[in-house]
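K.L.:
Just one file: query-v1.pdb, with PDB, C-alpha atoms.
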ATOM      1  CA  MET A   1       0.000   0.000   0.000
ATOM      2  CA  THR A   2       1.390   3.418  -1.052
ATOM      3  CA  PHE A   3       0.998   6.462   1.184
ATOM      4  CA  HIS A   4       0.702  10.020  -0.133
ATOM      5  CA  ARG A   5       0.759  13.499   1.341
ATOM      6  CA  HIS A   6      -1.496  16.234  -0.074
ATOM      7  CA  SER A   7      -0.015  19.682  -0.661
ATOM      8  CA  GLY A   8      -3.164  21.326   0.756
ATOM      9  CA  PRO A   9      -6.548  22.672  -0.370
ATOM     10  CA  HIS A  10      -7.051  25.356  -2.991
ATOM     11  CA  SER A  11      -9.912  27.736  -3.834
ATOM     12  CA  TYR A  12     -11.205  28.827  -7.245
ATOM     13  CA  LEU A  13     -12.474  32.225  -6.149
ATOM     14  CA  SER A  14     -10.647  35.160  -7.706
ATOM     15  CA  SER A  15     -10.591  38.772  -6.618
ATOM     16  CA  THR A  16     -13.347  41.215  -7.415
ATOM     17  CA  MET A  17     -13.583  42.175 -11.076
ATOM     18  CA  THR A  18     -12.353  45.755 -11.608
ATOM     19  CA  GLU A  19     -12.790  45.848 -15.366
ATOM     20  CA  ARG A  20     -15.995  45.531 -17.320
ATOM     21  CA  PHE A  21     -16.505  41.847 -18.166
ATOM     22  CA  ASN A  22     -19.570  39.716 -18.505
ATOM     23  CA  CYS A  23     -20.043  36.120 -17.212
ATOM     24  CA  PHE A  24     -19.262  33.672 -19.981
ATOM     25  CA  TYR A  25     -22.513  31.807 -19.301
ATOM     26  CA  CYS A  26     -25.223  34.217 -18.134
ATOM     27  CA  ARG A  27     -23.628  37.405 -19.555
ATOM     28  CA  ASP A  28     -24.203  39.304 -16.295
ATOM     29  CA  ASN A  29     -21.914  42.232 -15.740
ATOM     30  CA  LEU A  30     -19.130  41.129 -13.353
ATOM     31  CA  GLN A  31     -17.740  44.547 -12.556
ATOM     32  CA  GLY A  32     -17.483  44.942  -8.797
ATOM     33  CA  LYS A  33     -18.428  41.285  -8.242
ATOM     34  CA  LYS A  34     -16.445  38.179  -7.332
ATOM     35  CA  TYR A  35     -15.851  35.748 -10.147
ATOM     36  CA  VAL A  36     -13.955  32.542 -11.110
ATOM     37  CA  LYS A  37     -11.660  32.147 -14.096
ATOM     38  CA  LYS A  38     -12.564  28.844 -15.768
ATOM     39  CA  ASP A  39     -10.476  27.899 -18.814
ATOM     40  CA  ASP A  40      -9.400  31.562 -19.010
ATOM     41  CA  LYS A  41     -13.027  32.641 -19.168
ATOM     42  CA  PRO A  42     -14.692  34.730 -16.413
ATOM     43  CA  VAL A  43     -17.605  32.950 -14.733
ATOM     44  CA  CYS A  44     -19.871  34.318 -12.014
ATOM     45  CA  VAL A  45     -20.000  32.440  -8.717
ATOM     46  CA  ARG A  46     -23.568  31.318  -9.308
ATOM     47  CA  CYS A  47     -22.841  29.823 -12.754
ATOM     48  CA  PHE A  48     -19.624  28.212 -11.504
ATOM     49  CA  ASP A  49     -21.447  26.441  -8.666
ATOM     50  CA  LYS A  50     -24.208  25.353 -11.016
ATOM     51  CA  LEU A  51     -22.271  24.410 -14.158
ATOM     52  CA  CYS A  52     -18.558  23.997 -13.432
ATOM     53  CA  ALA A  53     -18.054  22.839  -9.830
ATOM     54  CA  ASN A  54     -16.511  19.394  -9.189
ATOM     55  CA  THR A  55     -18.498  16.872  -7.187
ATOM     56  CA  CYS A  56     -17.069  15.831  -3.826
ATOM     57  CA  ALA A  57     -16.088  12.126  -3.807
ATOM     58  CA  GLU A  58     -17.265  11.804  -0.192
ATOM     59  CA  CYS A  59     -20.522  13.754   0.214
ATOM     60  CA  ARG A  60     -21.403  13.824  -3.530
ATOM     61  CA  LYS A  61     -22.276  17.528  -3.351
ATOM     62  CA  PRO A  62     -20.795  20.271  -5.589
ATOM     63  CA  ILE A  63     -17.611  21.928  -4.350
ATOM     64  CA  GLY A  64     -18.563  25.595  -4.583
ATOM     65  CA  ALA A  65     -16.344  28.465  -5.724
ATOM     66  CA  ASP A  66     -15.893  29.735  -2.185
ATOM     67  CA  ALA A  67     -15.073  26.255  -0.731
ATOM     68  CA  LYS A  68     -11.586  24.810  -0.323
ATOM     69  CA  GLU A  69     -11.011  21.787  -2.565
ATOM     70  CA  LEU A  70      -8.501  18.903  -2.484
ATOM     71  CA  THR A  71      -7.716  16.803  -5.541
ATOM     72  CA  HIS A  72      -6.026  13.399  -5.910
ATOM     73  CA  LYS A  73      -5.898  11.360  -9.125
ATOM     74  CA  ASN A  74      -8.802  13.184 -10.755
ATOM     75  CA  ARG A  75     -11.011  12.873  -7.669
ATOM     76  CA  HIS A  76     -12.092  15.839  -5.592
ATOM     77  CA  TRP A  77     -13.092  16.502  -1.982
ATOM     78  CA  HIS A  78     -14.296  19.366   0.206
ATOM     79  CA  GLU A  79     -11.591  20.173   2.730
ATOM     80  CA  GLY A  80     -13.828  18.865   5.544
ATOM     81  CA  CYS A  81     -14.664  15.685   3.635
ATOM     82  CA  PHE A  82     -11.039  14.723   3.055
ATOM     83  CA  ARG A  83     -10.779  12.340   6.007
ATOM     84  CA  CYS A  84     -10.049   8.687   6.847
ATOM     85  CA  ALA A  85     -12.857   6.327   5.820
ATOM     86  CA  LYS A  86     -12.273   4.246   8.971
ATOM     87  CA  CYS A  87     -11.556   6.608  11.881
ATOM     88  CA  TYR A  88     -12.663   9.892  10.227
ATOM     89  CA  LYS A  89      -9.403  11.634  11.080
ATOM     90  CA  PRO A  90      -8.922  14.798   8.909
ATOM     91  CA  LEU A  91      -6.163  14.150   6.359
ATOM     92  CA  VAL A  92      -5.362  17.667   5.120
ATOM     93  CA  ASN A  93      -1.537  17.926   5.215
ATOM     94  CA  GLU A  94      -1.382  14.322   6.548
ATOM     95  CA  SER A  95      -0.089  11.145   4.909
ATOM     96  CA  PHE A  96      -2.890   8.958   3.544
ATOM     97  CA  ALA A  97      -3.494   5.790   1.521
ATOM     98  CA  ALA A  98      -5.825   5.635  -1.463
ATOM     99  CA  LYS A  99      -7.689   2.323  -1.829
ATOM    100  CA  ASP A 100      -8.724   0.740  -5.131
ATOM    101  CA  ASP A 101     -12.370   1.382  -4.253
ATOM    102  CA  GLY A 102     -11.671   5.132  -3.987
ATOM    103  CA  LYS A 103     -11.653   5.346  -0.188
ATOM    104  CA  ILE A 104      -8.827   7.146   1.574
ATOM    105  CA  MET A 105      -7.349   6.137   4.917
ATOM    106  CA  CYS A 106      -4.865   7.467   7.419
ATOM    107  CA  GLY A 107      -1.546   5.657   7.751
ATOM    108  CA  LYS A 108      -2.613   3.654  10.807
ATOM    109  CA  CYS A 109      -5.902   2.431   9.355
ATOM    110  CA  GLY A 110      -4.275   1.793   5.975
ATOM    111  CA  ASP A 111      -1.756  -0.534   7.614
ATOM    112  CA  ARG A 112      -4.525  -2.443   9.355
ATOM    113  CA  ASP A 113      -6.753  -2.651   6.323
ATOM    114  CA  GLY A 114      -3.962  -4.056   4.161
ATOM    115  CA  SER A 115      -2.912  -6.652   6.738
ATOM    116  CA  PRO A 116      -4.274 -10.222   6.834
ATOM    117  CA  ARG A 117      -6.832 -11.222   9.445
ATOM    118  CA  CYS A 118      -6.422 -14.052  11.919
ATOM    119  CA  GLN A 119      -8.530 -17.136  11.155
ATOM    120  CA  GLY A 120      -9.070 -17.609  14.892
ATOM    121  CA  CYS A 121     -10.132 -14.205  16.274
ATOM    122  CA  TYR A 122     -10.595 -12.393  12.908
ATOM    123  CA  LYS A 123      -8.587  -9.435  14.148
ATOM    124  CA  VAL A 124      -5.820  -7.818  12.089
ATOM    125  CA  ILE A 125      -2.391  -9.425  12.250
ATOM    126  CA  THR A 126      -0.082  -6.443  12.515
ATOM    127  CA  PRO A 127       3.288  -6.524  10.732
ATOM    128  CA  GLY A 128       6.035  -7.998  12.919
ATOM    129  CA  SER A 129       3.707  -9.910  15.248
ATOM    130  CA  LYS A 130       4.207 -13.655  15.736
ATOM    131  CA  ASN A 131       1.907 -15.694  13.535
ATOM    132  CA  VAL A 132       1.405 -19.137  11.992
ATOM    133  CA  GLU A 133       0.681 -19.633   8.293
ATOM    134  CA  TYR A 134      -0.839 -22.846   6.917
ATOM    135  CA  LYS A 135      -2.332 -23.435   3.472
ATOM    136  CA  HIS A 136      -2.455 -19.719   2.611
ATOM    137  CA  LYS A 137      -4.248 -18.873   5.877
ATOM    138  CA  VAL A 138      -2.750 -17.098   8.862
ATOM    139  CA  TRP A 139      -3.343 -17.059  12.629
ATOM    140  CA  HIS A 140      -1.958 -15.158  15.598
ATOM    141  CA  GLU A 141       0.447 -17.567  17.287
ATOM    142  CA  GLU A 142      -1.758 -17.675  20.380
ATOM    143  CA  CYS A 143      -4.900 -18.273  18.246
ATOM    144  CA  PHE A 144      -3.480 -21.310  16.426
ATOM    145  CA  ILE A 145      -4.766 -23.853  18.952
ATOM    146  CA  CYS A 146      -5.593 -27.561  19.091
ATOM    147  CA  PHE A 147      -9.284 -28.153  18.364
ATOM    148  CA  GLU A 148      -9.464 -30.714  21.194
ATOM    149  CA  CYS A 149      -7.382 -29.425  24.139
ATOM    150  CA  LYS A 150      -7.490 -25.722  23.104
ATOM    151  CA  GLN A 151      -3.786 -25.270  23.851
ATOM    152  CA  PRO A 152      -1.617 -23.148  21.464
ATOM    153  CA  ILE A 153       0.267 -25.389  19.029
ATOM    154  CA  ARG A 154       2.930 -22.769  18.258
ATOM    155  CA  SER A 155       5.936 -24.471  16.624
ATOM    156  CA  GLN A 156       4.962 -28.024  17.609
ATOM    157  CA  SER A 157       3.947 -30.723  15.138
ATOM    158  CA  PHE A 158       0.233 -30.910  14.352
ATOM    159  CA  LEU A 159      -2.195 -32.794  12.119
ATOM    160  CA  ALA A 160      -5.216 -31.416  10.265
ATOM    161  CA  LYS A 161      -8.614 -33.092  10.119
ATOM    162  CA  GLY A 162     -10.786 -31.119   7.713
ATOM    163  CA  ASP A 163     -10.545 -27.482   8.818
ATOM    164  CA  ASP A 164      -9.563 -28.393  12.388
ATOM    165  CA  MET A 165      -6.004 -28.633  13.753
ATOM    166  CA  TYR A 166      -4.909 -31.123  16.409
ATOM    167  CA  CYS A 167      -1.718 -31.469  18.391
ATOM    168  CA  THR A 168      -0.151 -34.909  17.883
ATOM    169  CA  THR A 169      -1.215 -36.104  21.350
ATOM    170  CA  CYS A 170      -4.900 -35.252  20.845
ATOM    171  CA  HIS A 171      -4.908 -36.553  17.282
ATOM    172  CA  GLU A 172      -3.601 -39.934  18.436
ATOM    173  CA  LYS A 173      -6.173 -40.146  21.220
ATOM    174  CA  LYS A 174      -9.079 -39.183  18.979
ATOM    175  CA  PHE A 175      -8.290 -40.717  15.596
ATOM    176  CA  ALA A 176      -5.318 -43.110  15.680
ATOM    177  CA  LYS A 177      -5.868 -46.893  15.739
ATOM    178  CA  ASN A 178      -4.256 -48.893  18.519
ATOM    179  CA  CYS A 179      -1.831 -51.700  17.802
ATOM    180  CA  VAL A 180      -3.228 -55.172  18.570
ATOM    181  CA  ARG A 181       0.069 -56.231  20.166
ATOM    182  CA  CYS A 182       1.219 -53.279  22.317
ATOM    183  CA  LYS A 183      -2.140 -51.421  22.520
ATOM    184  CA  GLU A 184      -0.377 -48.105  21.787
ATOM    185  CA  ALA A 185      -1.604 -45.643  19.120
ATOM    186  CA  ILE A 186      -0.300 -46.011  15.566
ATOM    187  CA  SER A 187       0.617 -42.460  14.613
ATOM    188  CA  SER A 188       2.043 -43.239  11.171
ATOM    189  CA  GLY A 189       2.674 -46.223   8.946
ATOM    190  CA  GLY A 190       1.659 -49.534  10.470
ATOM    191  CA  ILE A 191       0.201 -52.590   8.755
ATOM    192  CA  THR A 192      -3.131 -54.408   8.741
ATOM    193  CA  TYR A 193      -3.564 -58.172   8.993
ATOM    194  CA  GLN A 194      -7.032 -59.708   8.982
ATOM    195  CA  ASP A 195      -8.546 -56.244   9.539
ATOM    196  CA  GLN A 196      -6.464 -55.620  12.654
ATOM    197  CA  PRO A 197      -3.879 -52.814  12.943
ATOM    198  CA  TRP A 198      -0.252 -53.387  13.960
ATOM    199  CA  HIS A 199       2.882 -51.335  14.360
ATOM    200  CA  SER A 200       5.305 -52.744  11.795
ATOM    201  CA  GLU A 201       7.833 -53.203  14.631
ATOM    202  CA  CYS A 202       5.286 -55.266  16.592
ATOM    203  CA  PHE A 203       4.390 -57.583  13.709
ATOM    204  CA  VAL A 204       7.367 -59.946  14.137
ATOM    205  CA  CYS A 205       8.162 -63.656  14.292
ATOM    206  CA  ASN A 206       7.307 -65.074  17.708
ATOM    207  CA  THR A 207      10.595 -66.983  17.826
ATOM    208  CA  CYS A 208      13.362 -64.975  16.166
ATOM    209  CA  LYS A 209      11.622 -61.532  16.299
ATOM    210  CA  LYS A 210      12.327 -60.926  12.614
ATOM    211  CA  PRO A 211       9.917 -58.317  11.101
ATOM    212  CA  LEU A 212       7.263 -60.067   9.025
ATOM    213  CA  ALA A 213       5.962 -57.084   7.021
ATOM    214  CA  GLY A 214       6.498 -57.952   3.356
ATOM    215  CA  ALA A 215       7.773 -61.470   4.192
ATOM    216  CA  ARG A 216       6.164 -64.918   4.020
ATOM    217  CA  PHE A 217       4.862 -66.100   7.376
ATOM    218  CA  THR A 218       2.269 -68.361   8.919
ATOM    219  CA  ALA A 219       0.007 -68.107  11.953
ATOM    220  CA  HIS A 220      -0.290 -70.791  14.617
ATOM    221  CA  GLU A 221      -2.398 -70.461  17.760
ATOM    222  CA  ASP A 222      -2.573 -66.656  17.431
ATOM    223  CA  GLN A 223       1.204 -66.367  17.016
ATOM    224  CA  PHE A 224       3.124 -65.514  13.849
ATOM    225  CA  TYR A 225       6.224 -67.274  12.589
ATOM    226  CA  CYS A 226       8.640 -66.743   9.727
ATOM    227  CA  VAL A 227       9.034 -69.708   7.387
ATOM    228  CA  ASN A 228      12.276 -70.961   8.918
ATOM    229  CA  CYS A 229      11.110 -70.776  12.552
ATOM    230  CA  TYR A 230       7.789 -72.407  11.715
ATOM    231  CA  LYS A 231       9.555 -75.310   9.994
ATOM    232  CA  ALA A 232      12.030 -75.774  12.840
ATOM    233  CA  ASP A 233       9.883 -75.227  15.913
ATOM    234  CA  VAL A 234       6.181 -75.504  15.157
ATOM    235  CA  ALA A 235       5.342 -77.509  12.050
ATOM    236  CA  LYS A 236       4.440 -81.202  12.345
ATOM    237  CA  LYS A 237       6.781 -83.654  10.617
ATOM    238  CA  CYS A 238       5.472 -85.740   7.752
ATOM    239  CA  SER A 239       5.367 -89.420   8.720
ATOM    240  CA  GLY A 240       6.423 -90.219   5.175
ATOM    241  CA  CYS A 241       9.346 -87.902   4.274
ATOM    242  CA  GLN A 242      10.046 -86.594   7.806
ATOM    243  CA  ASN A 243      10.135 -83.017   6.524
ATOM    244  CA  PRO A 244       8.038 -80.237   8.133
ATOM    245  CA  ILE A 245       4.501 -79.796   6.886
ATOM    246  CA  THR A 246       4.409 -76.013   6.388
ATOM    247  CA  GLY A 247       1.887 -75.294   3.655
ATOM    248  CA  PHE A 248       4.692 -73.540   1.726
ATOM    249  CA  GLY A 249       6.089 -74.776  -1.550
ATOM    250  CA  ARG A 250       4.888 -77.982  -3.200
ATOM    251  CA  GLY A 251       1.305 -78.806  -2.228
ATOM    252  CA  THR A 252      -0.671 -77.662   0.767
ATOM    253  CA  ASN A 253      -2.990 -80.648   1.409
ATOM    254  CA  VAL A 254      -2.311 -83.055   4.269
ATOM    255  CA  VAL A 255      -3.636 -86.409   5.452
ATOM    256  CA  ASN A 256      -4.211 -87.044   9.140
ATOM    257  CA  TYR A 257      -4.696 -90.472  10.643
ATOM    258  CA  GLU A 258      -4.758 -91.020  14.383
ATOM    259  CA  ASP A 259      -1.692 -89.164  15.690
ATOM    260  CA  LYS A 260       0.203 -89.143  12.389
ATOM    261  CA  THR A 261       0.270 -86.621   9.555
ATOM    262  CA  TRP A 262       1.485 -86.843   5.951
ATOM    263  CA  HIS A 263       1.894 -84.550   2.995
ATOM    264  CA  GLU A 264      -0.808 -85.675   0.605
ATOM    265  CA  TYR A 265       1.866 -86.403  -2.000
ATOM    266  CA  CYS A 266       3.696 -88.621   0.566
ATOM    267  CA  PHE A 267       0.636 -90.680   1.484
ATOM    268  CA  ASN A 268       1.467 -93.529  -0.918
ATOM    269  CA  CYS A 269       1.518 -97.332  -0.840
ATOM    270  CA  LYS A 270       4.908 -98.467   0.499
ATOM    271  CA  LYS A 271       5.133-101.223  -2.106
ATOM    272  CA  CYS A 272       3.565 -99.949  -5.371
ATOM    273  CA  SER A 273       3.729 -96.174  -4.623
ATOM    274  CA  LEU A 274       0.056 -95.707  -5.527
ATOM    275  CA  SER A 275      -1.437 -92.611  -3.860
ATOM    276  CA  MET A 276      -3.745 -93.572  -1.020
ATOM    277  CA  ALA A 277      -5.277 -90.109  -0.589
ATOM    278  CA  HIS A 278      -9.075 -90.425  -0.490
ATOM    279  CA  LYS A 279      -8.818 -94.262  -0.870
ATOM    280  CA  ARG A 280      -8.996 -97.303   1.379
ATOM    281  CA  PHE A 281      -5.615 -98.185   2.799
ATOM    282  CA  VAL A 282      -3.950-100.540   5.266
ATOM    283  CA  ILE A 283      -1.427 -99.350   7.850
ATOM    284  CA  ASN A 284       1.302-101.653   9.047
ATOM    285  CA  GLY A 285       3.553-100.065  11.669
ATOM    286  CA  ASN A 286       4.540 -96.733  10.153
ATOM    287  CA  ASP A 287       3.929 -97.863   6.552
ATOM    288  CA  ILE A 288       0.923 -97.432   4.272
ATOM    289  CA  TYR A 289      -0.233-100.104   1.819
ATOM    290  CA  CYS A 290      -2.976-100.406  -0.738
ATOM    291  CA  PRO A 291      -5.364-103.310  -0.081
ATOM    292  CA  ASP A 292      -3.807-105.428  -2.883
ATOM    293  CA  CYS A 293      -0.222-105.023  -1.655
ATOM    294  CA  ALA A 294      -1.331-105.551   1.936
ATOM    295  CA  LYS A 295      -2.604-109.060   0.982
ATOM    296  CA  LYS A 296       0.885-109.993  -0.201
ATOM    297  CA  LEU A 297       2.617-109.104   3.087
TER     298      LEU A 297
END
Mind converting the file's structure to C-alpha cells?

P.N.:
Amino acid sequence: MTFHRHSGPHSYLSSTMTERFNCFYCRDNLQGKKYVKKDDKPVCVRCFDKLCANTCAECRKPIGADAKELTHKNRHWHEGCFRCAKCYKPLVNESFAAKDDGKIMCGKCGDRDGSPRCQGCYKVITPGSKNVEYKHKVWHEECFICFECKQPIRSQSFLAKGDDMYCTTCHEKKFAKNCVRCKEAISSGGITYQDQPWHSECFVCNTCKKPLAGARFTAHEDQFYCVNCYKADVAKKCSGCQNPITGFGRGTNVVNYEDKTWHEYCFNCKKCSLSMAHKRFVINGNDIYCPDCAKKL
C-alpha cells in the first residue's frame, strides 16, 4: 500500500472584477463582483457552482467556488470531507493511503486494512507480530490452537482433520488406531492383517523376532512365525518324508490319521507307490499299503 501526502486545499475564487466583463454563461456584468476564471473565461460564482463545480467524492455535493477543494488522481473533496474512511481523522496535510475502491485512509488504518486477518479471532495481524501460516491462511500464534485441548500449538507438530487442527497427542487419542500387540496408538505407517492394525515393529516372528511385514509367514495359535522358525519349531513332521509340513512350496494338502500326519503327496503305498489319498488303505507299523499289496505281506 502506497501512502501520499497532499499539498493542501485550494480555492477557485478570484478577486473582485475591476474591469468591465460579462459572465461567460449568463452574460451578467461582473464589474465589482467576485468571479472565477474557468479555462481563461470569467464565470460568475452562481454559474460556476451550477455548471462547473466538481463533485465531492465523499458527500457527492458540488464543491462551490468559495469552498476549499482537495484533488487526488482526478477525484475531488471538500476540505472537511477529506478524512479517513475508517476513523474519520482529517487528512489535510497528513499522509494517507488511497484504496482501489476510492476510499482514503490514514496511515494507521491503511496498515490495518492491508494486513491479513487471523482465522481464529478475525482481528488484524499487525506486521512484525508472531503468527502461523498454513495453506495460505494465517493465525496469531496464540490463536493457532488444538481443536481438542485448546492449547496453542505454536511451533509443535500438528495434524489437520478437515478445517480443524490437532496437536499430535490429541490426534492420536481421537483418531489413531491402537496396535493389537502393544495397545499403543499407531501415529504413522503400520500394517493391517485380517482387519487388525499393527505397528510394523510389533508384527514380528514369535521366535526370532524378525519383522514379518512384506515377508512370508504363517500363523499358529494366534502367534506368527517366519518360514524358517515355523519349519524348525512348530510344524508337524510328515510321517512319510520326515520333513516339516508347512503349507509352503509344493502342495498344501495333508492327510491325518490317528496321531500321524502326511503330505498328501507322501501318502502312498509303500510297495507300489500308488497314492492312497481319499482311498482305502492298510497301515502296518509306520507304513501305508494299498489293499492289494497288503494281501501280499

K.L.:
Give me, please, the distance in Å between CA of His220 in chain A and CA of Ala235 in chain A, quoted to one decimal.

P.N.:
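For CA of His220 in chain A relative to CA of Ala235 in chain A, the distance reads 9.1 Å.
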
K.L.:
So what does the PyMOL selection byres ((chain A and resi 65) around 12) actually pick up in this one, as a ChimeraX atom specification?

P.N.:
/A:10-15,34-38,43-55,62-64,66-69,78

K.L.:
Using only C-alpha atoms, which of the listed residues (A:Ser239, A:Ser275, A:Asn29, A:Ser95) sits closest to Gly110 in chain A?

P.N.:
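Nearest candidate to Gly110 in chain A out of A:Ser239, A:Ser275, A:Asn29, A:Ser95: A:Ser95.
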
K.L.:
Can you list, as a list in words, the residues that the PyMOL selection byres ((chain A and resi 292) around 10) selects here?

P.N.:
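Residues picked by the PyMOL selection byres ((chain A and resi 292) around 10): Cys269, Lys271, Cys272, Phe281, Val282, Tyr289, Cys290, Pro291, Cys293, Ala294, Lys295, Lys296 and Leu297 of chain A.
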
K.L.:
From the set A:Tyr166, A:Phe158, A:Tyr122, A:Phe267, which residue has the shortest atom-to-atom contact distance to Cys143 in chain A, counting all atoms listed in the file?

P.N.:
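Once distances to Cys143 in chain A are computed over all atoms listed in the file, the minimum belongs to A:Tyr122.
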
K.L.:
Quick one: everything within 8 Å of Leu212 in chain A, counting only C-alpha atoms, minus sequence neighbours fewer than 6 positions away in the same chain. Send it as JSON, numbers by chain.

P.N.:
{"A": [203, 204, 205, 226]}

K.L.:
Using only C-alpha atoms, which residues sit within 10 Å of Asn286 in chain A once same-chain residues fewer than 6 positions away are excluded, as a ChimeraX atom specification?

P.N.:
/A:239-240,260,270

K.L.:
Out of A:Leu30, A:Glu58, A:Pro116, A:Ile104, which residue has the shortest atom-to-atom distance to His136 in chain A when counting all atoms listed in the file?

P.N.:
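Using all atoms listed in the file, the shortest distance to His136 in chain A belongs to A:Pro116.
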
K.L.:
May I have the protein, DNA and RNA residues with any atom at most 12 Å from the point (-7.2, -18.6, 18.7), counting only C-alpha atoms, written as a PyMOL selection string?

P.N.:
chain A and resi 117-123+131-132+138-147+150-154+164-165

K.L.:
Once you have the residues from the selection above, write them out as a PDB file, in the coordinates of the input, restricted to C-alpha atoms.

P.N.:
ATOM      1  CA  ARG A 117      -6.832 -11.222   9.445  1.00  0.00           C
ATOM      2  CA  CYS A 118      -6.422 -14.052  11.919  1.00  0.00           C
ATOM      3  CA  GLN A 119      -8.530 -17.136  11.155  1.00  0.00           C
ATOM      4  CA  GLY A 120      -9.070 -17.609  14.892  1.00  0.00           C
ATOM      5  CA  CYS A 121     -10.132 -14.205  16.274  1.00  0.00           C
ATOM      6  CA  TYR A 122     -10.595 -12.393  12.908  1.00  0.00           C
ATOM      7  CA  LYS A 123      -8.587  -9.435  14.148  1.00  0.00           C
ATOM      8  CA  ASN A 131       1.907 -15.694  13.535  1.00  0.00           C
ATOM      9  CA  VAL A 132       1.405 -19.137  11.992  1.00  0.00           C
ATOM     10  CA  VAL A 138      -2.750 -17.098   8.862  1.00  0.00           C
ATOM     11  CA  TRP A 139      -3.343 -17.059  12.629  1.00  0.00           C
ATOM     12  CA  HIS A 140      -1.958 -15.158  15.598  1.00  0.00           C
ATOM     13  CA  GLU A 141       0.447 -17.567  17.287  1.00  0.00           C
ATOM     14  CA  GLU A 142      -1.758 -17.675  20.380  1.00  0.00           C
ATOM     15  CA  CYS A 143      -4.900 -18.273  18.246  1.00  0.00           C
ATOM     16  CA  PHE A 144      -3.480 -21.310  16.426  1.00  0.00           C
ATOM     17  CA  ILE A 145      -4.766 -23.853  18.952  1.00  0.00           C
ATOM     18  CA  CYS A 146      -5.593 -27.561  19.091  1.00  0.00           C
ATOM     19  CA  PHE A 147      -9.284 -28.153  18.364  1.00  0.00           C
ATOM     20  CA  LYS A 150      -7.490 -25.722  23.104  1.00  0.00           C
ATOM     21  CA  GLN A 151      -3.786 -25.270  23.851  1.00  0.00           C
ATOM     22  CA  PRO A 152      -1.617 -23.148  21.464  1.00  0.00           C
ATOM     23  CA  ILE A 153       0.267 -25.389  19.029  1.00  0.00           C
ATOM     24  CA  ARG A 154       2.930 -22.769  18.258  1.00  0.00           C
ATOM     25  CA  ASP A 164      -9.563 -28.393  12.388  1.00  0.00           C
ATOM     26  CA  MET A 165      -6.004 -28.633  13.753  1.00  0.00           C
TER      27      MET A 165
END

K.L.:
Please measure the separation of CA of His278 in chain A and CA of Tyr230 in chain A, giving the value in Å to one decimal.

P.N.:
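A separation of 27.5 Å between them.
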
K.L.:
Show me, as a PyMOL selection string, the residues that have an atom within 12 Å of Cys202 in chain A when counting only C-alpha atoms, minus same-chain residues fewer than 4 positions from it.

P.N.:
chain A and resi 178-184+186+190-192+197-198+206+209-213+223-224

K.L.:
Rank A:His263, A:Lys103, A:Lys41, A:Arg280 by their smallest atom-to-atom distance to His76 in chain A, using only C-alpha atoms, and report the top residue only.

P.N.:
A:Lys103

K.L.:
Around all listed atoms of range 221-226 of chain A, padded 4 Å per side, what centre and edge lengths does the axis-aligned box have in Å to one decimal, as lines of an AutoDock Vina configuration file?

P.N.:
center_x = 3.0
center_y = -68.0
center_z = 13.7
size_x = 19.2
size_y = 12.9
size_z = 16.0

K.L.:
I'd like the neighbourhood of Ile245 in chain A as a PDB file with C-alpha atoms, keeping the file's coordinate frame, where a residue qualifies if any of its atoms comes within 10 Å (using all atoms listed in the file), though same-chain residues fewer than 6 positions away should be ignored.

P.N.:
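Output saved as out12.pdb:
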ATOM      1  CA  TYR A 230       7.789 -72.407  11.715  1.00  0.00           C
ATOM      2  CA  LYS A 231       9.555 -75.310   9.994  1.00  0.00           C
ATOM      3  CA  VAL A 234       6.181 -75.504  15.157  1.00  0.00           C
ATOM      4  CA  ALA A 235       5.342 -77.509  12.050  1.00  0.00           C
ATOM      5  CA  LYS A 236       4.440 -81.202  12.345  1.00  0.00           C
ATOM      6  CA  LYS A 237       6.781 -83.654  10.617  1.00  0.00           C
ATOM      7  CA  CYS A 238       5.472 -85.740   7.752  1.00  0.00           C
ATOM      8  CA  SER A 239       5.367 -89.420   8.720  1.00  0.00           C
ATOM      9  CA  GLY A 251       1.305 -78.806  -2.228  1.00  0.00           C
ATOM     10  CA  THR A 252      -0.671 -77.662   0.767  1.00  0.00           C
ATOM     11  CA  ASN A 253      -2.990 -80.648   1.409  1.00  0.00           C
ATOM     12  CA  VAL A 254      -2.311 -83.055   4.269  1.00  0.00           C
ATOM     13  CA  THR A 261       0.270 -86.621   9.555  1.00  0.00           C
ATOM     14  CA  TRP A 262       1.485 -86.843   5.951  1.00  0.00           C
ATOM     15  CA  HIS A 263       1.894 -84.550   2.995  1.00  0.00           C
TER      16      HIS A 263
END

K.L.:
Just checking: using all atoms listed in the file, which residue out of A:Asn256, A:Cys106, A:Glu94, A:Thr207 ends up closest to Ala232 in chain A?

P.N.:
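Result for the nearest residue to Ala232 in chain A: A:Thr207.
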
K.L.:
Please, what distance in Å, to one decimal, runs between CA of Thr246 in chain A and CA of Phe217 in chain A?

P.N.:
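Calculated distance between CA of Thr246 in chain A and CA of Phe217 in chain A is 10.0 Å.
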
K.L.:
Starting from the shown file, work through the PyMOL selection byres ((chain A and resi 83-87) around 6) and note down what comes out as a PyMOL selection string.

P.N.:
chain A and resi 81-82+88-91+104-106

K.L.:
Tell me which of A:Tyr134, A:Phe21, A:Ile125, A:Gln194 sits closest to Lys33 in chain A, counting only C-alpha atoms.

P.N.:
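Residue with the minimum atom-to-atom distance to Lys33 in chain A: A:Phe21.
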